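Next up, input18.pdb (PDB, C-alpha atoms, pLDDT in the B column):
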ATOM      1  CA  MET A 375      42.738  -9.204 -18.804  1.00 58.00           C
ATOM      2  CA  GLU A 376      42.613  -5.489 -19.319  1.00 71.00           C
ATOM      3  CA  PRO A 377      45.147  -3.270 -17.497  1.00 69.00           C
ATOM      4  CA  ARG A 378      42.434  -2.051 -15.163  1.00 75.00           C
ATOM      5  CA  GLU A 379      41.512  -5.648 -14.268  1.00 83.00           C
ATOM      6  CA  ASP A 380      45.188  -6.430 -13.583  1.00 84.00           C
ATOM      7  CA  GLY A 381      45.304  -3.616 -11.043  1.00 86.00           C
ATOM      8  CA  ILE A 382      42.164  -4.829  -9.304  1.00 89.00           C
ATOM      9  CA  ASP A 383      43.449  -8.402  -9.366  1.00 89.00           C
ATOM     10  CA  SER A 384      46.748  -7.414  -7.754  1.00 89.00           C
ATOM     11  CA  LEU A 385      44.934  -5.295  -5.147  1.00 88.00           C
ATOM     12  CA  LEU A 386      42.733  -8.253  -4.240  1.00 90.00           C
ATOM     13  CA  ARG A 387      45.732 -10.589  -4.016  1.00 90.00           C
ATOM     14  CA  ARG A 388      47.558  -8.183  -1.680  1.00 89.00           C
ATOM     15  CA  SER A 389      44.422  -7.773   0.448  1.00 88.00           C
ATOM     16  CA  MET A 390      43.949 -11.526   0.737  1.00 89.00           C
ATOM     17  CA  ALA A 391      47.607 -12.008   1.735  1.00 90.00           C
ATOM     18  CA  ALA A 392      47.384  -9.496   4.600  1.00 85.00           C
ATOM     19  CA  PRO A 393      46.949 -10.839   8.148  1.00 87.00           C
ATOM     20  CA  VAL A 394      43.395 -11.086   9.449  1.00 85.00           C
ATOM     21  CA  PRO A 395      42.629  -8.333  11.975  1.00 85.00           C
ATOM     22  CA  SER A 396      41.493  -9.469  15.397  1.00 91.00           C
ATOM     23  CA  LEU A 397      40.312  -7.991  18.676  1.00 90.00           C
ATOM     24  CA  PRO A 398      42.068  -8.556  22.004  1.00 91.00           C
ATOM     25  CA  ALA A 399      40.883 -11.637  23.926  1.00 91.00           C
ATOM     26  CA  ASP A 400      39.301  -9.565  26.726  1.00 92.00           C
ATOM     27  CA  PHE A 401      37.638  -7.047  24.411  1.00 91.00           C
ATOM     28  CA  ASP A 402      34.068  -8.072  25.256  1.00 89.00           C
ATOM     29  CA  GLN A 403      34.739  -7.935  29.001  1.00 90.00           C
ATOM     30  CA  ARG A 404      36.279  -4.481  28.747  1.00 89.00           C
ATOM     31  CA  LEU A 405      33.411  -3.271  26.593  1.00 84.00           C
ATOM     32  CA  MET A 406      30.760  -4.557  29.014  1.00 84.00           C
ATOM     33  CA  ARG A 407      32.606  -2.981  31.963  1.00 84.00           C
ATOM     34  CA  GLU A 408      32.683   0.345  30.119  1.00 79.00           C
ATOM     35  CA  MET A 409      28.999   0.051  29.225  1.00 74.00           C
ATOM     36  CA  ARG A 410      28.005  -0.577  32.853  1.00 75.00           C
ATOM     37  CA  ARG A 411      30.077   2.353  34.049  1.00 73.00           C
ATOM     38  CA  SER A 412      28.109   4.953  32.085  1.00 65.00           C
ATOM     39  CA  SER A 413      24.801   3.296  31.302  1.00 62.00           C
ATOM     40  CA  GLN A 414      22.366   6.188  31.886  1.00 67.00           C
ATOM     41  CA  PRO A 415      23.596   8.662  29.225  1.00 68.00           C
ATOM     42  CA  LEU A 416      24.525   5.787  26.948  1.00 65.00           C
ATOM     43  CA  ASP A 417      21.008   4.382  27.093  1.00 74.00           C
ATOM     44  CA  ARG A 418      19.563   7.672  25.850  1.00 79.00           C
ATOM     45  CA  TYR A 419      22.085   7.907  23.004  1.00 84.00           C
ATOM     46  CA  ARG A 420      21.548   4.239  22.164  1.00 83.00           C
ATOM     47  CA  ARG A 421      17.809   4.851  21.757  1.00 84.00           C
ATOM     48  CA  ILE A 422      18.397   7.937  19.631  1.00 90.00           C
ATOM     49  CA  LEU A 423      20.890   6.088  17.443  1.00 91.00           C
ATOM     50  CA  LEU A 424      18.639   3.061  17.047  1.00 89.00           C
ATOM     51  CA  THR A 425      15.637   5.235  16.190  1.00 91.00           C
ATOM     52  CA  GLY A 426      17.654   7.205  13.643  1.00 94.00           C
ATOM     53  CA  TYR A 427      18.996   4.027  12.098  1.00 94.00           C
ATOM     54  CA  GLY A 428      15.507   2.543  11.898  1.00 91.00           C
ATOM     55  CA  LEU A 429      13.991   5.610  10.264  1.00 94.00           C
ATOM     56  CA  THR A 430      16.869   5.931   7.809  1.00 96.00           C
ATOM     57  CA  SER A 431      16.633   2.273   6.819  1.00 94.00           C
ATOM     58  CA  VAL A 432      12.848   2.490   6.344  1.00 94.00           C
ATOM     59  CA  VAL A 433      13.174   5.550   4.111  1.00 95.00           C
ATOM     60  CA  ALA A 434      16.060   4.044   2.124  1.00 96.00           C
ATOM     61  CA  SER A 435      14.182   0.760   1.678  1.00 95.00           C
ATOM     62  CA  ALA A 436      11.038   2.559   0.529  1.00 95.00           C
ATOM     63  CA  VAL A 437      12.993   4.658  -1.978  1.00 96.00           C
ATOM     64  CA  VAL A 438      14.771   1.602  -3.395  1.00 96.00           C
ATOM     65  CA  MET A 439      11.560  -0.436  -3.616  1.00 95.00           C
ATOM     66  CA  ARG A 440       9.711   2.456  -5.247  1.00 96.00           C
ATOM     67  CA  GLY A 441      12.590   2.832  -7.700  1.00 95.00           C
ATOM     68  CA  GLN A 442      12.121  -0.813  -8.643  1.00 95.00           C
ATOM     69  CA  GLY A 443       8.510  -0.134  -9.580  1.00 95.00           C
ATOM     70  CA  LEU A 444       6.632  -1.429  -6.540  1.00 95.00           C
ATOM     71  CA  ASP A 445       3.473   0.398  -5.543  1.00 95.00           C
ATOM     72  CA  TRP A 446       3.076   2.017  -2.122  1.00 95.00           C
ATOM     73  CA  GLY A 447       0.726  -0.697  -0.862  1.00 95.00           C
ATOM     74  CA  ALA A 448       3.311  -3.447  -1.344  1.00 95.00           C
ATOM     75  CA  ILE A 449       6.011  -1.255   0.164  1.00 95.00           C
ATOM     76  CA  ALA A 450       3.864  -0.569   3.241  1.00 95.00           C
ATOM     77  CA  VAL A 451       3.150  -4.280   3.700  1.00 95.00           C
ATOM     78  CA  MET A 452       6.840  -5.195   3.396  1.00 94.00           C
ATOM     79  CA  ILE A 453       7.885  -2.547   5.910  1.00 93.00           C
ATOM     80  CA  LEU A 454       5.013  -2.700   8.387  1.00 94.00           C
ATOM     81  CA  GLY A 455       4.611  -6.498   8.297  1.00 95.00           C
ATOM     82  CA  PRO A 456       7.909  -7.312  10.034  1.00 92.00           C
ATOM     83  CA  LEU A 457       7.359  -4.445  12.499  1.00 91.00           C
ATOM     84  CA  ALA A 458       3.961  -5.889  13.410  1.00 95.00           C
ATOM     85  CA  LEU A 459       5.534  -9.328  13.824  1.00 95.00           C
ATOM     86  CA  VAL A 460       8.202  -7.977  16.173  1.00 92.00           C
ATOM     87  CA  ALA A 461       5.577  -6.095  18.191  1.00 92.00           C
ATOM     88  CA  THR A 462       3.404  -9.217  18.408  1.00 95.00           C
ATOM     89  CA  VAL A 463       6.295 -11.386  19.585  1.00 93.00           C
ATOM     90  CA  ALA A 464       7.296  -8.779  22.198  1.00 90.00           C
ATOM     91  CA  TRP A 465       3.693  -8.555  23.421  1.00 92.00           C
ATOM     92  CA  ALA A 466       3.373 -12.360  23.590  1.00 91.00           C
ATOM     93  CA  ARG A 467       6.665 -12.664  25.460  1.00 90.00           C
ATOM     94  CA  ARG A 468       5.593 -10.059  28.023  1.00 88.00           C
ATOM     95  CA  ALA A 469       2.223 -11.745  28.452  1.00 87.00           C
ATOM     96  CA  THR A 470       3.871 -15.161  28.875  1.00 86.00           C
ATOM     97  CA  HIS A 471       6.387 -13.899  31.421  1.00 77.00           C
ATOM     98  CA  THR A 472       3.659 -12.094  33.383  1.00 71.00           C
ATOM     99  CA  THR A 473       1.531 -15.249  33.412  1.00 65.00           C
ATOM    100  CA  MET A 474       4.502 -17.373  34.475  1.00 61.00           C
ATOM    101  CA  ARG A 475       5.313 -14.977  37.317  1.00 59.00           C
ATOM    102  CA  HIS A 476       1.736 -15.037  38.622  1.00 57.00           C
ATOM    103  CA  SER A 477       1.494 -18.831  38.427  1.00 58.00           C
ATOM    104  CA  ALA A 478       4.840 -19.278  40.248  1.00 55.00           C
ATOM    105  CA  LYS A 479       3.615 -17.334  43.295  1.00 53.00           C
TER     106      LYS A 479
END

Produce structure tokens that represent the structure in this file.
Amino acid sequence: MEPREDGIDSLLRRSMAAPVPSLPADFDQRLMREMRRSSQPLDRYRRILLTGYGLTSVVASAVVMRGQGLDWGAIAVMILGPLALVATVAWARRATHTTMRHSAK
């Protein structure tokens, strides 16, 4: 091995020997309690964060795919296809739940 590889190898060995980090046992309960306590402002920020993440990932994916030589038509299909699938499933679920509610009455 080269000297540089020895350094990386020793770093990896030390990292693997370290204890595995863990969360406290009641972490999820505390988190949910905190989420319920301030849900209104958090909901707005959650939507903003999710929208920003979605837009950033779409742009990054398009740039990477274009860099690999794909044309814009294929890129649009690969990005819009899953979005259409998610929208269709959400629409079908709402329609099913609405139908189930009406038939239960």

One-decimal distance in Å that lies between atom CA of Ala450 of chain A and atom CA of Val432 of chain A: 10.0 Å

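Here atom CA of Val433 of chain A is placed at a distance of 10.6 Å from atom CA of Ile449 of chain A.
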
Atom CA of Ala448 of chain A to atom CA of Leu429 of chain A, distance in Å rounded to a single decimal: 18.2 Å

For segment 387-391 of chain A, what centre and edge lengths in Å (one decimal) does the axis-aligned box get once 5 Å is added on each side of all its listed atoms, as AutoDock Vina command-line options?
--center_x 45.8 --center_y -9.9 --center_z -1.1 --size_x 13.7 --size_y 14.2 --size_z 15.8

Residue members of the PyMOL selection byres ((chain A and resi 452-457) around 12) in the file shown, as an MDAnalysis selection string: chainID A and resid 428:429 431:437 439:440 444:451 458:464
